[in-house]
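Worksheet: the structure to be examined is printed underneath.
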Number of protein chains: 2
Amino acid sequence: MACEQPLNHVTIIGVGLLGGSIGLALRDSFPDCTTAGVGRRQASLDVALRVGAIDTATTDAAEVVGDSDLVVLCTPVGAFARHLAAIAPHLKDHCAITDVGSTKREVVAIAEATVGHERFVGCHPMAGMEKKGPRNATADLYRDALCVLTPVEQTPRPLVERIDAFWKLLGMRTVEMTPAAHDRAVATVSHVPHLLSSLLMSLPATADLPVAATGLRDMTRLAAGDPEMWRDIALSNRKPIVETLTRLGEDMAVLADAITRGDADGIVDLLEKAKTRREETFSDGA
Amino acid sequence: MACEQPLNHVTIIGVGLLGGSIGLALRDSFPDCTTAGVGRRQASLDVALRVGAIDTATTDAAEVVGDSDLVVLCTPVGAFARHLAAIAPHLKDHCAITDVGSTKREVVAIAEATVGHERFVGCHPMAGMEKKGPRNATADLYRDALCVLTPVEQTPRPLVERIDAFWKLLGMRTVEMTPAAHDRAVATVSHVPHLLSSLLMSLPATADLPVAATGLRDMTRLAAGDPEMWRDIALSNRKPIVETLTRLGEDMAVLADAITRGDADGIVDLLEKAKTRREETFSDGA
């Protein structure tokens, strides 16, 4: 690793899909490093042990973090405060902490209040599937995906470099953003699209559904996501999401007005720009 | 065929993806029937001839419809009035006419004014791909898909049964709706979802796009559709689309308010209902 601190022992708190995949990726890329998994339910920890995502398991993080060089928080964001407060007194001086939460401003604020910016870099690996649980974990979940790091002014650069090196070890590309810029960006590229998927699924009358075909199918795949996870994301990224929903509502009203007025050129102009942007952003066309 | 009228000769006006696929399906399912294709551009007609979608080709519908038992309109809806007016004087007494347009109220009104309800049943085969043109036509485009028939009170039942038998010959399932009910239904299950795909692609700032991942990719696939076709659909189905956009805007405002108030139960309730509906509507989970 391109840093001075060792990576002999990692604690993964929350060994679901994301945490389990970190464990599997570490096992493949850095087999000298041992991993401890922390969770609430023994049955879930047993699955993680069985698939080889972790070497040891416990329901009590305080038991294991004292041996760790790195702790990765992979529980729902709503549990972070509790976990960080519980582990703070037990950490080795050089132990770093990071997370995989899909919102950052709130997470970074919680970390500041519990463990401090000297230990913590908020991260968001942009990877995942609709599936849940350690049995769906894979060693290559993060490979070639993007990880956003959200250090703040007070975060020591050597710490940022250690965390950056960790995600690169798992095969990720990395980029830095402020927590607020991250949260605005994911509101527009992830959170509002997911919420619209659920709204579009709720929109038709029951009598309309028999004629639903590929259009609605394509636009409602994300509506099958985990309701509790998306509730937590919506509440954690409240302001950017509401601002984005408001902006989308305004765009819809402009389009509705153009359709009412029969503004053929205005409509095709909007559709053409969106098509071009789509082709440029997702250039493989998939 | 389960009807009294022969099906020896069919004219397909507009031999793109949809028209070409009808020709190929007829060739496979009912090889005794000959097909004439009508189009504006000889190059396109040549492709259709070459792939075997049609037996003969012409740029002048009047030349061929006099031999036809059935005419199928497969051009953009905006061209229907012109074609129907041009062919009306040349049709055999028993010749029936149908179409594949994705809106019905406007189409049925145009047909009433040109060829009359005694000859015409508006139809919407719910099949198609993002691709265009006769070279992408396939014989099984319609197989097992749903075709909506939109007869009106004045439409003779024997005519409806003939047209129903035609689509079943191509392997489709059929259902009847009024033109207005069809247009409202497709506004909610197809047209507004497609338009939202374009709006969601336009929504992020350019600086946000580097963190776009599977969420935005999934919700913007439809934004790569044909801008002119979707402009025409928006203008043809104006009122139901605007009503649906208005309703969606209201639903978005309710959700934004629930998020602002931190109404965790309200949010998860909406998401859970959408998830259940998704699983019931698209029970293969794809």
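Each chain of the structure tokens is named A, B, ... in the order shown, its residues numbered from 1; ligands are numbered from 1 in display order.
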Q: Write out as a list in words each polymer residue whose atoms come within 9 Å of Val211 of chain A, counting only C-alpha atoms; drop sequence neighbours fewer than 2 positions from it.
A: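 Residues near the query, excluding close chain neighbours: Ala207, Asp208, Leu209 and Ala213 of chain A; Met126, Leu146, Cys147, Val148, His182, Ala185, Val186 and Val189 of chain B.
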Q: For chain B, report every residue with an atom at most 6 Å from chain A (counting only C-alpha atoms), formatted as a PyMOL selection string.
A: chain B and resi 185+188-190+198+201-202+204+208+212+215-216+219+223-224+227+231+242+249+256+267-268+271-272+274-275
Q | Members of segment 71-275 of chain A assigned strand (DSSP E) by DSSP, as JSON, numbers by chain | A | {"A": [71, 72, 73, 96, 97, 98, 99, 120, 121, 123, 124, 125, 146, 147, 148, 149, 173, 174, 175, 176]}
Q: Determine, counting only C-alpha atoms, which protein, DNA and RNA residues have an atom within 10 Å of an atom of segment 163-166 of chain A; residues of the same chain fewer than 6 positions away are not included. Present the result as a list in words.
A: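 Residues meeting the cut-off are Met1, Ala2, Cys3, Leu7, Leu26, Leu70, Ala96, Ile97, Thr98, Phe120, Val121, Gly122, Cys123, Cys147, Val148, Leu149, Arg157, Met172, Arg173, Thr174, Val175 and Glu176 of chain A.
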Prev. selection, C-alpha atoms, output as a tab-separated table (two decimals), in the first residue's frame:
```
chain	number	residue	atom	x	y	z
A	1	MET	CA	0.00	0.00	0.00
A	2	ALA	CA	1.20	3.47	-0.90
A	3	CYS	CA	1.10	4.76	2.68
A	7	LEU	CA	-3.30	-2.71	6.94
A	26	LEU	CA	-9.89	-7.79	0.62
A	70	LEU	CA	-9.16	0.47	9.65
A	96	ALA	CA	-8.75	5.19	10.54
A	97	ILE	CA	-12.49	5.05	9.92
A	98	THR	CA	-14.45	5.30	6.73
A	120	PHE	CA	-12.62	9.81	9.56
A	121	VAL	CA	-13.04	10.26	5.81
A	122	GLY	CA	-16.60	9.94	4.53
A	123	CYS	CA	-16.76	7.84	1.38
A	147	CYS	CA	-15.59	5.93	-5.07
A	148	VAL	CA	-16.27	9.49	-3.96
A	149	LEU	CA	-14.17	10.67	-1.01
A	157	ARG	CA	-4.04	14.79	3.85
A	172	MET	CA	-11.99	1.43	-7.49
A	173	ARG	CA	-11.35	4.76	-9.20
A	174	THR	CA	-11.54	7.69	-6.78
A	175	VAL	CA	-12.58	11.35	-6.86
A	176	GLU	CA	-12.87	13.99	-4.13
```
Q | Those of segment 61-139 of chain B in DSSP helix (DSSP H, G or I), formatted as number ranges by chain | A | B: 62-65, 77-90, 105-114, 134-136
Store the residues picked out above in a file with C-alpha atoms, as a compact mmCIF listing (two decimals), in the first residue's frame.
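So result-v3.txt came out as:
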```txt
# COMPACT_ATOMS: atom_id res chain seq x y z
CA ALA B 62 -53.41 4.37 -54.99
CA GLU B 63 -51.61 1.93 -57.29
CA VAL B 64 -52.04 -1.03 -54.96
CA VAL B 65 -54.88 -0.56 -52.49
CA VAL B 77 -49.76 9.42 -37.02
CA GLY B 78 -49.21 12.87 -38.55
CA ALA B 79 -49.32 11.32 -42.05
CA PHE B 80 -52.55 9.36 -41.59
CA ALA B 81 -54.96 12.01 -42.83
CA ARG B 82 -53.06 12.40 -46.09
CA HIS B 83 -52.84 8.66 -46.73
CA LEU B 84 -56.44 7.90 -45.85
CA ALA B 85 -57.72 10.69 -48.08
CA ALA B 86 -55.53 9.45 -50.94
CA ILE B 87 -56.64 5.81 -50.76
CA ALA B 88 -60.33 6.27 -49.91
CA PRO B 89 -61.56 6.45 -53.54
CA HIS B 90 -59.69 3.27 -54.57
CA ARG B 105 -58.57 9.25 -30.24
CA GLU B 106 -57.09 11.55 -32.86
CA VAL B 107 -56.51 8.65 -35.27
CA VAL B 108 -60.08 7.37 -35.00
CA ALA B 109 -61.41 10.89 -35.58
CA ILE B 110 -59.25 11.24 -38.71
CA ALA B 111 -60.46 7.86 -39.97
CA GLU B 112 -64.09 8.78 -39.37
CA ALA B 113 -63.66 11.89 -41.50
CA THR B 114 -61.91 10.11 -44.40
CA PRO B 134 -37.03 -2.03 -42.05
CA ARG B 135 -33.60 -3.58 -41.55
CA ASN B 136 -34.49 -4.05 -37.87
```
Q: Write out as a VMD selection string the residues lying within 9 Å of Thr58 of chain B, counting only C-alpha atoms and excluding same-chain residues fewer than 5 positions away.
A: chain B and resid 36 to 40 42 45 63 to 64
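Among the candidate residues B:Pro151, B:Gly66, B:Gly23, B:Gly14, the one lying nearest to Ala53 of chain B is B:Gly23, with distances computed using only C-alpha atoms.
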Q: Quick one: pull the distance between atom CA of Thr155 of chain B and atom CA of Asp93 of chain B, Å, one decimal.
A: 15.5 Å
Q: Might you pull out every residue within 7 Å of Leu17 of chain A, with only C-alpha atoms counted and same-chain residues fewer than 2 positions away left off, and present them as an MDAnalysis selection string?
A: chainID A and resid 15 19:21 132:134 136:137
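The spacing separating atom CA of Asn8 of chain B from atom CA of Arg41 of chain B amounts to 25.6 Å.
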Q) A:Val47, A:Val115, A:Leu159, A:Cys33: which is nearest Thr11 of chain A, counting only C-alpha atoms? A)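 Closest residue, counting only C-alpha atoms: A:Cys33.
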